[in-house]
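Below is model-v3.pdb, which holds PDB, C-alpha atoms and all ligand atoms.
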ATOM      1  CA  MET U   1     -15.858 -20.112 -28.931
ATOM      2  CA  ARG U   2     -12.999 -21.199 -26.670
ATOM      3  CA  VAL U   3     -13.437 -20.121 -23.064
ATOM      4  CA  ILE U   4     -10.138 -18.965 -21.594
ATOM      5  CA  ASP U   5      -9.219 -20.306 -18.195
ATOM      6  CA  HIS U   6      -7.368 -17.237 -16.923
ATOM      7  CA  GLU U   7      -5.786 -19.026 -13.999
ATOM      8  CA  GLU U   8      -4.395 -21.804 -16.187
ATOM      9  CA  GLU U   9      -3.180 -19.330 -18.814
ATOM     10  CA  ILE U  10      -1.474 -17.193 -16.152
ATOM     11  CA  VAL U  11       0.442 -20.235 -14.879
ATOM     12  CA  ARG U  12       1.495 -21.057 -18.448
ATOM     13  CA  LEU U  13       2.482 -17.486 -19.313
ATOM     14  CA  LYS U  14       4.485 -17.053 -16.118
ATOM     15  CA  LYS U  15       6.685 -19.966 -17.220
ATOM     16  CA  GLU U  16       6.868 -18.883 -20.854
ATOM     17  CA  ARG U  17       7.793 -15.292 -20.019
ATOM     18  CA  ASN U  18       9.925 -16.081 -16.961
ATOM     19  CA  ALA U  19       7.596 -13.775 -15.053
ATOM     20  CA  ILE U  20       6.539 -13.341 -11.455
ATOM     21  CA  ILE U  21       3.425 -11.775 -10.022
ATOM     22  CA  LEU U  22       3.776  -9.524  -6.997
ATOM     23  CA  ALA U  23       0.443  -8.711  -5.377
ATOM     24  CA  HIS U  24      -0.778  -6.430  -2.632
ATOM     25  CA  TYR U  25      -3.300  -7.657  -0.046
ATOM     26  CA  TYR U  26      -5.956  -5.270  -1.377
ATOM     27  CA  GLN U  27      -6.194  -7.216  -4.626
ATOM     28  CA  ASP U  28      -9.130  -9.569  -5.204
ATOM     29  CA  GLY U  29      -8.595 -12.991  -3.642
ATOM     30  CA  GLU U  30      -8.347 -14.685  -7.041
ATOM     31  CA  ILE U  31      -5.401 -12.423  -7.947
ATOM     32  CA  GLN U  32      -3.702 -13.082  -4.610
ATOM     33  CA  ASP U  33      -4.100 -16.808  -5.295
ATOM     34  CA  VAL U  34      -2.068 -16.680  -8.537
ATOM     35  CA  ALA U  35       0.643 -14.423  -7.078
ATOM     36  CA  ASP U  36       4.196 -15.577  -6.354
ATOM     37  CA  PHE U  37       4.502 -13.092  -3.522
ATOM     38  CA  ILE U  38       1.933 -11.143  -1.491
ATOM     39  CA  GLY U  39       2.995  -8.452   0.931
ATOM     40  CA  ASP U  40       2.778  -4.937   2.291
ATOM     41  CA  SER U  41       4.393  -2.037   0.451
ATOM     42  CA  LEU U  42       7.802  -2.503   2.043
ATOM     43  CA  GLN U  43       7.889  -6.261   1.453
ATOM     44  CA  LEU U  44       6.776  -5.758  -2.141
ATOM     45  CA  ALA U  45       9.567  -3.232  -2.722
ATOM     46  CA  GLN U  46      12.045  -5.676  -1.160
ATOM     47  CA  ALA U  47      10.706  -8.535  -3.293
ATOM     48  CA  ALA U  48      10.991  -6.348  -6.410
ATOM     49  CA  ARG U  49      14.583  -5.472  -5.521
ATOM     50  CA  SER U  50      15.603  -9.122  -5.239
ATOM     51  CA  ALA U  51      13.578 -10.331  -8.251
ATOM     52  CA  LYS U  52      15.431 -12.484 -10.779
ATOM     53  CA  ALA U  53      12.621 -12.905 -13.312
ATOM     54  CA  ASP U  54      12.618 -11.155 -16.703
ATOM     55  CA  VAL U  55       9.123  -9.795 -16.136
ATOM     56  CA  ILE U  56       7.417  -8.458 -13.023
ATOM     57  CA  CYS U  57       3.650  -8.252 -13.202
ATOM     58  CA  PHE U  58       2.712  -5.904 -10.380
ATOM     59  CA  ALA U  59      -0.823  -6.476  -9.147
ATOM     60  CA  GLY U  60      -1.228  -3.324  -7.143
ATOM     61  CA  VAL U  61      -1.425   0.396  -7.829
ATOM     62  CA  HIS U  62       0.742   2.596 -10.010
ATOM     63  CA  PHE U  63       3.149   3.932  -7.370
ATOM     64  CA  MET U  64       3.967   0.347  -6.322
ATOM     65  CA  ALA U  65       4.720  -0.797  -9.877
ATOM     66  CA  GLU U  66       6.693   2.385 -10.431
ATOM     67  CA  THR U  67       8.794   1.622  -7.346
ATOM     68  CA  ALA U  68       9.416  -1.886  -8.722
ATOM     69  CA  LYS U  69      10.603  -0.353 -12.008
ATOM     70  CA  ILE U  70      12.878   2.127 -10.198
ATOM     71  CA  LEU U  71      14.498  -0.846  -8.460
ATOM     72  CA  ASN U  72      14.586  -2.921 -11.676
ATOM     73  CA  PRO U  73      15.400  -0.673 -14.631
ATOM     74  CA  GLU U  74      16.520  -3.626 -16.748
ATOM     75  CA  ARG U  75      13.395  -5.736 -16.218
ATOM     76  CA  ILE U  76       9.987  -5.414 -17.820
ATOM     77  CA  VAL U  77       7.420  -4.239 -15.264
ATOM     78  CA  VAL U  78       3.749  -4.486 -16.230
ATOM     79  CA  ILE U  79       0.650  -3.493 -14.283
ATOM     80  CA  PRO U  80      -2.767  -4.995 -15.102
ATOM     81  CA  ASP U  81      -4.423  -1.544 -15.252
ATOM     82  CA  LEU U  82      -2.325   1.550 -15.838
ATOM     83  CA  ASP U  83      -5.079   3.752 -14.366
ATOM     84  CA  ALA U  84      -4.881   2.085 -10.948
ATOM     85  CA  GLY U  85      -3.840   5.211  -9.040
ATOM     86  CA  CYS U  86      -4.011   6.283  -5.397
ATOM     87  CA  SER U  87      -5.753   9.252  -3.761
ATOM     88  CA  LEU U  88      -2.627   9.995  -1.718
ATOM     89  CA  ALA U  89      -0.316  10.061  -4.728
ATOM     90  CA  ASP U  90      -2.856  12.021  -6.805
ATOM     91  CA  GLY U  91      -3.259  14.616  -4.066
ATOM     92  CA  CYS U  92       0.432  15.480  -4.018
ATOM     93  CA  PRO U  93       1.543  16.875  -7.379
ATOM     94  CA  ALA U  94       5.324  17.281  -7.715
ATOM     95  CA  GLU U  95       5.185  21.001  -8.525
ATOM     96  CA  ARG U  96       3.189  21.837  -5.388
ATOM     97  CA  PHE U  97       5.447  19.548  -3.370
ATOM     98  CA  ARG U  98       8.507  21.498  -4.626
ATOM     99  CA  GLN U  99       6.883  24.803  -3.651
ATOM    100  CA  TRP U 100       6.053  23.421  -0.179
ATOM    101  CA  LYS U 101       9.662  22.296   0.283
ATOM    102  CA  ALA U 102      10.947  25.695  -0.850
ATOM    103  CA  ARG U 103       8.955  27.343   1.958
ATOM    104  CA  HIS U 104      10.885  25.228   4.509
ATOM    105  CA  PRO U 105      14.567  25.487   3.614
ATOM    106  CA  GLY U 106      16.823  23.107   5.553
ATOM    107  CA  ALA U 107      13.974  20.698   6.445
ATOM    108  CA  VAL U 108      14.253  16.944   5.851
ATOM    109  CA  THR U 109      11.475  15.511   3.673
ATOM    110  CA  VAL U 110      10.061  12.085   4.478
ATOM    111  CA  SER U 111       7.587  10.875   1.859
ATOM    112  CA  TYR U 112       5.270   7.935   2.252
ATOM    113  CA  ILE U 113       5.838   5.438  -0.589
ATOM    114  CA  ASN U 114       2.277   6.282  -1.793
ATOM    115  CA  CYS U 115       3.523   9.126  -4.001
ATOM    116  CA  SER U 116       4.721   9.564  -7.582
ATOM    117  CA  ALA U 117       8.296   9.004  -8.754
ATOM    118  CA  ALA U 118       8.519  12.773  -9.296
ATOM    119  CA  VAL U 119       7.754  13.392  -5.601
ATOM    120  CA  LYS U 120      10.130  10.614  -4.563
ATOM    121  CA  ALA U 121      12.853  12.314  -6.605
ATOM    122  CA  GLU U 122      12.333  15.470  -4.481
ATOM    123  CA  SER U 123      12.375  13.595  -1.151
ATOM    124  CA  ASP U 124      15.186  12.797   1.277
ATOM    125  CA  TYR U 125      13.633   9.574   2.585
ATOM    126  CA  ILE U 126      10.816   7.276   1.550
ATOM    127  CA  CYS U 127       8.930   5.337   4.205
ATOM    128  CA  THR U 128       6.067   2.868   4.353
ATOM    129  CA  SER U 129       3.512   2.256   7.077
ATOM    130  CA  SER U 130       5.756  -0.473   8.500
ATOM    131  CA  ASN U 131       8.955   1.574   8.844
ATOM    132  CA  ALA U 132       7.822   5.221   9.105
ATOM    133  CA  GLU U 133       8.561   5.289  12.837
ATOM    134  CA  LYS U 134      12.084   3.929  12.296
ATOM    135  CA  ILE U 135      12.858   6.366   9.467
ATOM    136  CA  VAL U 136      11.658   9.374  11.483
ATOM    137  CA  ARG U 137      13.672   8.266  14.521
ATOM    138  CA  ALA U 138      16.804   8.091  12.320
ATOM    139  CA  ILE U 139      16.610  11.816  11.511
ATOM    140  CA  PRO U 140      18.629  14.106  13.833
ATOM    141  CA  ALA U 141      16.443  15.772  16.475
ATOM    142  CA  ASP U 142      17.456  19.307  15.470
ATOM    143  CA  LYS U 143      16.040  18.876  11.944
ATOM    144  CA  THR U 144      12.569  20.016  10.925
ATOM    145  CA  ILE U 145      10.695  17.145   9.221
ATOM    146  CA  LEU U 146       8.248  17.628   6.364
ATOM    147  CA  PHE U 147       6.004  14.561   6.135
ATOM    148  CA  ALA U 148       3.967  13.872   2.978
ATOM    149  CA  PRO U 149       1.452  12.984   1.693
ATOM    150  CA  ASP U 150      -0.576  11.179   4.412
ATOM    151  CA  ARG U 151      -1.344  13.380   7.389
ATOM    152  CA  ASN U 152      -3.003  10.517   9.296
ATOM    153  CA  LEU U 153       0.095   8.332   9.150
ATOM    154  CA  GLY U 154       2.183  11.435   9.908
ATOM    155  CA  ARG U 155       0.148  12.256  13.012
ATOM    156  CA  HIS U 156       0.335   8.661  14.188
ATOM    157  CA  VAL U 157       4.137   8.681  13.805
ATOM    158  CA  GLU U 158       4.256  11.995  15.698
ATOM    159  CA  LYS U 159       2.347  10.376  18.530
ATOM    160  CA  VAL U 160       4.608   7.323  18.830
ATOM    161  CA  THR U 161       7.918   9.142  18.339
ATOM    162  CA  GLY U 162       7.073  12.376  20.175
ATOM    163  CA  ARG U 163       8.593  14.197  17.210
ATOM    164  CA  THR U 164       6.743  17.210  15.801
ATOM    165  CA  MET U 165       6.483  17.323  12.013
ATOM    166  CA  ILE U 166       4.954  19.545   9.349
ATOM    167  CA  HIS U 167       2.287  17.621   7.411
ATOM    168  CA  TRP U 168       1.156  17.651   3.816
ATOM    169  CA  PRO U 169      -2.685  17.805   3.908
ATOM    170  CA  GLY U 170      -3.371  14.458   2.189
ATOM    171  CA  SER U 171      -5.361  11.358   3.074
ATOM    172  CA  CYS U 172      -6.501   8.010   1.696
ATOM    173  CA  LEU U 173     -10.096   7.992   0.458
ATOM    174  CA  VAL U 174     -10.580   4.442   1.775
ATOM    175  CA  HIS U 175      -9.147   4.839   5.268
ATOM    176  CA  GLU U 176     -11.075   8.075   5.890
ATOM    177  CA  THR U 177     -14.378   6.376   5.241
ATOM    178  CA  PHE U 178     -14.715   4.341   8.436
ATOM    179  CA  SER U 179     -17.344   5.347  10.954
ATOM    180  CA  GLU U 180     -16.237   5.709  14.570
ATOM    181  CA  ARG U 181     -19.861   5.600  15.733
ATOM    182  CA  LYS U 182     -20.462   2.263  13.978
ATOM    183  CA  ILE U 183     -17.215   0.815  15.313
ATOM    184  CA  ILE U 184     -18.266   1.730  18.870
ATOM    185  CA  ALA U 185     -21.648   0.054  18.205
ATOM    186  CA  LEU U 186     -19.877  -3.090  16.932
ATOM    187  CA  LEU U 187     -17.678  -3.187  20.049
ATOM    188  CA  GLU U 188     -20.791  -2.984  22.218
ATOM    189  CA  ARG U 189     -22.430  -5.792  20.271
ATOM    190  CA  HIS U 190     -19.306  -7.971  20.344
ATOM    191  CA  PRO U 191     -17.577  -7.535  23.688
ATOM    192  CA  GLY U 192     -14.152  -9.141  23.470
ATOM    193  CA  ALA U 193     -13.677  -8.190  19.814
ATOM    194  CA  GLU U 194     -10.555  -6.201  19.035
ATOM    195  CA  VAL U 195     -10.213  -3.320  16.609
ATOM    196  CA  ILE U 196      -7.066  -3.557  14.496
ATOM    197  CA  ALA U 197      -6.312  -0.611  12.229
ATOM    198  CA  HIS U 198      -4.024   0.679   9.528
ATOM    199  CA  PRO U 199      -2.270   3.969  10.421
ATOM    200  CA  GLU U 200      -3.827   5.656   7.373
ATOM    201  CA  CYS U 201      -7.066   5.772   9.457
ATOM    202  CA  GLU U 202      -8.083   8.953  11.251
ATOM    203  CA  ASP U 203      -7.324   9.375  14.929
ATOM    204  CA  GLY U 204     -10.996   8.823  15.865
ATOM    205  CA  ILE U 205     -10.642   5.229  14.597
ATOM    206  CA  LEU U 206      -7.072   4.635  15.772
ATOM    207  CA  ARG U 207      -7.973   5.474  19.374
ATOM    208  CA  HIS U 208     -10.205   2.370  19.523
ATOM    209  CA  ALA U 209      -7.505   0.084  18.096
ATOM    210  CA  SER U 210      -5.709  -2.538  20.195
ATOM    211  CA  PHE U 211      -3.172  -2.822  17.410
ATOM    212  CA  ILE U 212      -2.055  -0.428  14.650
ATOM    213  CA  GLY U 213       0.186  -1.562  11.810
ATOM    214  CA  SER U 214       0.848  -2.162   8.130
ATOM    215  CA  THR U 215      -1.219  -4.725   6.252
ATOM    216  CA  THR U 216       1.331  -7.475   6.961
ATOM    217  CA  ALA U 217       1.510  -6.481  10.627
ATOM    218  CA  LEU U 218      -2.307  -6.583  10.907
ATOM    219  CA  LEU U 219      -2.358 -10.025   9.301
ATOM    220  CA  LYS U 220       0.340 -11.393  11.619
ATOM    221  CA  TYR U 221      -1.364  -9.906  14.659
ATOM    222  CA  ALA U 222      -4.785 -11.357  13.815
ATOM    223  CA  VAL U 223      -3.349 -14.804  13.044
ATOM    224  CA  SER U 224      -1.207 -15.069  16.179
ATOM    225  CA  SER U 225      -3.507 -13.329  18.693
ATOM    226  CA  PRO U 226      -5.431 -15.493  21.176
ATOM    227  CA  LYS U 227      -8.508 -13.341  20.424
ATOM    228  CA  GLN U 228     -11.242 -14.782  18.203
ATOM    229  CA  ARG U 229     -12.972 -11.749  16.693
ATOM    230  CA  PHE U 230     -11.497  -8.700  14.968
ATOM    231  CA  ILE U 231     -12.934  -5.499  13.561
ATOM    232  CA  VAL U 232     -10.526  -4.788  10.727
ATOM    233  CA  ALA U 233     -10.083  -1.097   9.845
ATOM    234  CA  THR U 234      -8.374  -1.254   6.485
ATOM    235  CA  GLU U 235      -9.274  -2.282   2.944
ATOM    236  CA  PRO U 236     -11.154  -5.616   3.201
ATOM    237  CA  GLY U 237      -8.931  -7.354   0.620
ATOM    238  CA  ILE U 238      -6.694  -8.270   3.584
ATOM    239  CA  LEU U 239      -9.445 -10.563   4.928
ATOM    240  CA  HIS U 240      -8.644 -13.084   2.199
ATOM    241  CA  GLN U 241      -5.284 -13.961   3.777
ATOM    242  CA  MET U 242      -6.651 -13.680   7.332
ATOM    243  CA  LYS U 243      -9.347 -16.245   6.501
ATOM    244  CA  LYS U 244      -6.806 -18.484   4.777
ATOM    245  CA  GLN U 245      -4.276 -18.380   7.602
ATOM    246  CA  ALA U 246      -6.668 -18.475  10.585
ATOM    247  CA  PRO U 247     -10.021 -19.723   9.222
ATOM    248  CA  ASP U 248     -11.577 -20.358  12.613
ATOM    249  CA  LYS U 249     -11.549 -16.688  13.594
ATOM    250  CA  GLU U 250     -14.070 -13.985  12.753
ATOM    251  CA  TYR U 251     -13.110 -10.844  10.845
ATOM    252  CA  ILE U 252     -15.562  -7.969  10.611
ATOM    253  CA  PRO U 253     -14.650  -5.306   8.041
ATOM    254  CA  ALA U 254     -14.870  -1.869   9.683
ATOM    255  CA  PRO U 255     -18.062  -0.274   8.303
ATOM    256  CA  PRO U 256     -18.000   2.873   6.179
ATOM    257  CA  MET U 257     -20.085   5.931   7.157
ATOM    258  CA  ASN U 258     -22.229   5.534   4.062
ATOM    259  CA  GLU U 259     -23.909   2.134   4.113
ATOM    260  CA  ARG U 260     -25.035   2.344   0.507
ATOM    261  CA  CYS U 261     -21.541   2.270  -0.989
ATOM    262  CA  ALA U 262     -18.623  -0.125  -0.941
ATOM    263  CA  CYS U 263     -16.359   2.828  -0.170
ATOM    264  CA  ASN U 264     -14.179   0.771   2.169
ATOM    265  CA  GLU U 265     -12.915  -0.951  -1.018
ATOM    266  CA  CYS U 266     -10.083   0.779  -2.869
ATOM    267  CA  PRO U 267     -11.464   1.667  -6.314
ATOM    268  CA  HIS U 268      -7.917   1.859  -7.674
ATOM    269  CA  MET U 269      -6.768  -1.536  -6.427
ATOM    270  CA  LYS U 270     -10.024  -3.060  -7.641
ATOM    271  CA  ARG U 271      -9.413  -1.857 -11.231
ATOM    272  CA  ASN U 272      -7.135  -4.895 -11.578
ATOM    273  CA  THR U 273      -8.885  -8.133 -12.476
ATOM    274  CA  LEU U 274      -7.692 -11.673 -13.136
ATOM    275  CA  GLU U 275      -8.409 -11.143 -16.835
ATOM    276  CA  LYS U 276      -6.234  -8.011 -16.886
ATOM    277  CA  VAL U 277      -3.428  -9.930 -15.150
ATOM    278  CA  TYR U 278      -3.663 -12.534 -17.909
ATOM    279  CA  LEU U 279      -3.668  -9.864 -20.639
ATOM    280  CA  ALA U 280      -0.692  -8.044 -19.084
ATOM    281  CA  LEU U 281       1.304 -11.286 -19.125
ATOM    282  CA  ARG U 282       0.157 -12.182 -22.615
ATOM    283  CA  ASP U 283       0.857  -8.774 -24.201
ATOM    284  CA  LEU U 284       3.577  -7.547 -21.818
ATOM    285  CA  GLN U 285       1.543  -4.347 -21.630
ATOM    286  CA  PRO U 286       0.831  -1.883 -20.090
ATOM    287  CA  ARG U 287       4.452  -1.311 -19.098
ATOM    288  CA  ILE U 288       5.860   1.084 -16.563
ATOM    289  CA  GLU U 289       8.431   3.248 -18.309
ATOM    290  CA  MET U 290      10.238   6.287 -17.029
ATOM    291  CA  ASP U 291      12.967   8.681 -17.813
ATOM    292  CA  ALA U 292      16.398   7.456 -16.568
ATOM    293  CA  SER U 293      17.276  10.659 -14.722
ATOM    294  CA  LEU U 294      13.942  10.679 -12.854
ATOM    295  CA  ARG U 295      14.390   7.003 -12.034
ATOM    296  CA  GLU U 296      17.871   7.542 -10.639
ATOM    297  CA  ARG U 297      16.825  10.525  -8.512
ATOM    298  CA  ALA U 298      13.792   8.661  -7.195
ATOM    299  CA  ARG U 299      15.936   5.668  -6.304
ATOM    300  CA  LEU U 300      18.151   7.508  -3.799
ATOM    301  CA  PRO U 301      15.520   8.029  -1.062
ATOM    302  CA  ILE U 302      14.154   4.498  -1.658
ATOM    303  CA  ASP U 303      17.635   3.057  -1.166
ATOM    304  CA  ARG U 304      18.005   5.110   2.036
ATOM    305  CA  MET U 305      14.774   3.565   3.279
ATOM    306  CA  LEU U 306      15.776   0.030   2.319
ATOM    307  CA  ALA U 307      19.127   0.433   4.072
ATOM    308  CA  LEU U 308      17.300   1.404   7.289
ATOM    309  CA  SER U 309      14.672  -1.362   7.043
TER     310      SER U 309
HETATM  311  P1  LIG F 401       0.851  -1.278   3.464
HETATM  312  O1  LIG F 401       0.506  -2.508   2.694
HETATM  313  O2  LIG F 401       2.281  -0.923   3.292
HETATM  314  O3  LIG F 401       0.436  -1.367   4.884
HETATM  315  O4  LIG F 401       0.057  -0.037   2.853
HETATM  316  C1  LIG F 401      -1.185  -0.124   2.420
HETATM  317  C2  LIG F 401      -1.458   0.894   1.410
HETATM  318  O5  LIG F 401      -1.473   2.049   1.600
HETATM  319  C3  LIG F 401      -1.717   0.447   0.106
HETATM  320  O6  LIG F 401      -2.507   1.365  -0.413
HETATM  321 FE1  LIG F 402      -4.101   4.664  -2.136
HETATM  322 FE2  LIG F 402      -5.807   4.355  -0.166
HETATM  323 FE3  LIG F 402      -6.063   2.837  -2.318
HETATM  324 FE4  LIG F 402      -4.022   2.482  -0.658
HETATM  325  S1  LIG F 402      -6.152   2.140  -0.201
HETATM  326  S2  LIG F 402      -3.929   2.565  -2.895
HETATM  327  S3  LIG F 402      -3.620   4.550   0.054
HETATM  328  S4  LIG F 402      -6.291   5.070  -2.232
END
Represent the structure contained in this file as structure tokens.
Amino acid sequence: MRVIDHEEEIVRLKKERNAIILAHYYQDGEIQDVADFIGDSLQLAQAARSAKADVICFAGVHFMAETAKILNPERIVVIPDLDAGCSLADGCPAERFRQWKARHPGAVTVSYINCSAAVKAESDYICTSSNAEKIVRAIPADKTILFAPDRNLGRHVEKVTGRTMIHWPGSCLVHETFSERKIIALLERHPGAEVIAHPECEDGILRHASFIGSTTALLKYAVSSPKQRFIVATEPGILHQMKKQAPDKEYIPAPPMNERCACNECPHMKRNTLEKVYLALRDLQPRIEMDASLRERARLPIDRMLALS
């Protein structure tokens, strides 16, 4: 039986299909290593918008691939595993979002990119963790802001902008898992270490952070900082690039409350495997497809975000 070298086959298929692979930092290292572009959600959306390839293989979760399709209706967009969802997107169904909006007439809705196309279509602005502050600051001060679906990011933005918002009660299952008590213990054991955290973390974690930012911002900070040791409060997939770009430093993944699980790893992101990337390129399946009217409505608030970014 012939053993398939997935890496080699992926390189071959990329050429044959005129395809590119866009990958998020939470993907396994071996997927990141075959990607043409790795980035945070905003950079991935920007890369998708400027893509010239016939096929985009999106190694990330569904809402990311869906955003790539919204920006590229004429290109084929495949995702290695169609069931790679997101607890934030799943916790914000479009019908309930519409009812929430209806209870606040005249409010401006800012939705985190981690939501479905149907919720995007109902939103005034989309934001990511790297531009949420900028988007919120661009909204006139006399407007009420509805922020969905991540209340932790929303509260963080409230803190830095001084702007009060109404929050959708959603959160990320990964970023809510970190233990403040264990982080304090790690800081005591490693004086001089710095906590760096994603804004999807709860306030109890963020208050110990020397730096808060998107995945790309965390990576840049860790690589360029004079510090040597970091406690990284986000999904540990990001450590792959940190170790590649600054191998002499030490990165400690922030520990989850429950030691017996790997619940700091995103179960959705980790559904993708190198084999599934290969199969997606080979079969051009599973594809992201969506109704043209939904796609066009969802594109408006994404374009507003991109114009401000
Ligand atoms: P960023 O990569 O935009 O920081 O967001 C991370 C995320 O929520 C992916 O799930
Ligand atoms: Fe969604 Fe959290 Fe996974 Fe990101 S890490 S895809 S926010 S569940």
For ligand LIG 401 (chain F), list the contacting residues at 9 Å or closer, counting all atoms listed in the file, as an MDAnalysis selection string. chainID U and resid 24:26 39:44 60:61 64 86 88 112:114 128:130 172 174:175 198:200 213:218 234:235 266 269
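Minimum atom-to-atom distance to Ile288 in chain U, evaluated using all atoms listed in the file, belongs to U:Lys69 out of U:Lys15, U:Lys69, U:Lys182, U:Arg2.
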Let me have the centre and edge lengths of the axis-aligned box enclosing all listed atoms of range 289-302 of chain U with 3 Å padding on every side, in Å to one decimal, as JSON.
{"center_x": 13.3, "center_y": 7.0, "center_z": -9.7, "size_x": 15.7, "size_y": 13.4, "size_z": 23.2}
Nearest to ligand LIG 402 (chain F): which of U:Ala68, U:Leu13, U:Ala233, U:Ile135 is it, counting all atoms listed in the file?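 That would be U:Ala233, the residue with the smallest distance to ligand LIG 402 (chain F).
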One decimal, in Å: what's the spacing between CA of Glu66 in chain U and CA of Cys263 in chain U?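 So the two atoms, CA of Glu66 in chain U and CA of Cys263 in chain U, lie 25.2 Å apart.
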Could you list, as a PyMOL selection string, every residue matched by the PyMOL selection byres (((chain U and resi 132) around 10) and not hetatm) in this structure? chain U and resi 110-113+125-131+133-138+147+153-154+156-157+305+309
Taking the file as I've supplied it (selection: the PyMOL selection byres (((chain U and resi 186) around 12) and not hetatm)), which residues are included? Please answer as a PDB file with C-alpha atoms, in the frame of the given file.
ATOM      1  CA  SER U 179     -17.344   5.347  10.954  1.00  0.00           C
ATOM      2  CA  GLU U 180     -16.237   5.709  14.570  1.00  0.00           C
ATOM      3  CA  ARG U 181     -19.861   5.600  15.733  1.00  0.00           C
ATOM      4  CA  LYS U 182     -20.462   2.263  13.978  1.00  0.00           C
ATOM      5  CA  ILE U 183     -17.215   0.815  15.313  1.00  0.00           C
ATOM      6  CA  ILE U 184     -18.266   1.730  18.870  1.00  0.00           C
ATOM      7  CA  ALA U 185     -21.648   0.054  18.205  1.00  0.00           C
ATOM      8  CA  LEU U 187     -17.678  -3.187  20.049  1.00  0.00           C
ATOM      9  CA  GLU U 188     -20.791  -2.984  22.218  1.00  0.00           C
ATOM     10  CA  ARG U 189     -22.430  -5.792  20.271  1.00  0.00           C
ATOM     11  CA  HIS U 190     -19.306  -7.971  20.344  1.00  0.00           C
ATOM     12  CA  PRO U 191     -17.577  -7.535  23.688  1.00  0.00           C
ATOM     13  CA  GLY U 192     -14.152  -9.141  23.470  1.00  0.00           C
ATOM     14  CA  ALA U 193     -13.677  -8.190  19.814  1.00  0.00           C
ATOM     15  CA  GLU U 194     -10.555  -6.201  19.035  1.00  0.00           C
ATOM     16  CA  VAL U 195     -10.213  -3.320  16.609  1.00  0.00           C
ATOM     17  CA  HIS U 208     -10.205   2.370  19.523  1.00  0.00           C
ATOM     18  CA  ARG U 229     -12.972 -11.749  16.693  1.00  0.00           C
ATOM     19  CA  PHE U 230     -11.497  -8.700  14.968  1.00  0.00           C
ATOM     20  CA  ILE U 231     -12.934  -5.499  13.561  1.00  0.00           C
ATOM     21  CA  VAL U 232     -10.526  -4.788  10.727  1.00  0.00           C
ATOM     22  CA  TYR U 251     -13.110 -10.844  10.845  1.00  0.00           C
ATOM     23  CA  ILE U 252     -15.562  -7.969  10.611  1.00  0.00           C
ATOM     24  CA  PRO U 253     -14.650  -5.306   8.041  1.00  0.00           C
ATOM     25  CA  ALA U 254     -14.870  -1.869   9.683  1.00  0.00           C
ATOM     26  CA  PRO U 255     -18.062  -0.274   8.303  1.00  0.00           C
TER      27      PRO U 255
END
Separation of CA of Asp203 in chain U from CA of Leu173 in chain U in Å: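 A separation of 14.8 Å between them.
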Would you work out the distance separating CA of Met165 in chain U from CA of Leu71 in chain U, expressed in Å to one decimal?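 Between CA of Met165 in chain U and CA of Leu71 in chain U the gap is 28.5 Å.
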Residue IDs satisfying the PyMOL selection byres (((chain U and resi 79-85) around 10) and not hetatm), as a PyMOL selection string: chain U and resi 21-22+56-66+77-78+86-90+114-116+266-281+284-288
Which residues, written as a tab-separated table (two decimals) with C-alpha atoms, in the frame of the given file, have at least one atom at most 9 Å from Arg299 in chain U, with all atoms listed in the file counted and residues fewer than 5 positions away on the same chain left out?
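Saved result, selection-v5.tsv, follows:
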chain	number	residue	atom	x	y	z
U	67	THR	CA	8.79	1.62	-7.35
U	70	ILE	CA	12.88	2.13	-10.20
U	71	LEU	CA	14.50	-0.85	-8.46
U	117	ALA	CA	8.30	9.00	-8.75
U	120	LYS	CA	10.13	10.61	-4.56
U	121	ALA	CA	12.85	12.31	-6.60
U	294	LEU	CA	13.94	10.68	-12.85
U	304	ARG	CA	18.00	5.11	2.04
Have a look at U:Ala45, U:Ile205, U:Ile20, U:Ile238 and name the one nearest to ligand LIG 402 (chain F); count all atoms listed in the file. U:Ile238
Among the residues U:Thr177, U:Gln99, U:Thr109, U:Gln245, the one that comes closest to ligand LIG 402 (chain F) [using all atoms listed in the file]: U:Thr177
Among the residues U:Val223, U:Ala19, U:Val108, U:Val34, the one that comes closest to Asp54 in chain U [using all atoms listed in the file]: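 Checking each candidate against Asp54 in chain U, we get U:Ala19 as the closest.
Remark: for Glu74 in chain U, the closest of the candidate residues U:Glu289, U:Asp150, U:Asp5, U:Lys101 is U:Glu289 (distances computed over only C-alpha atoms).
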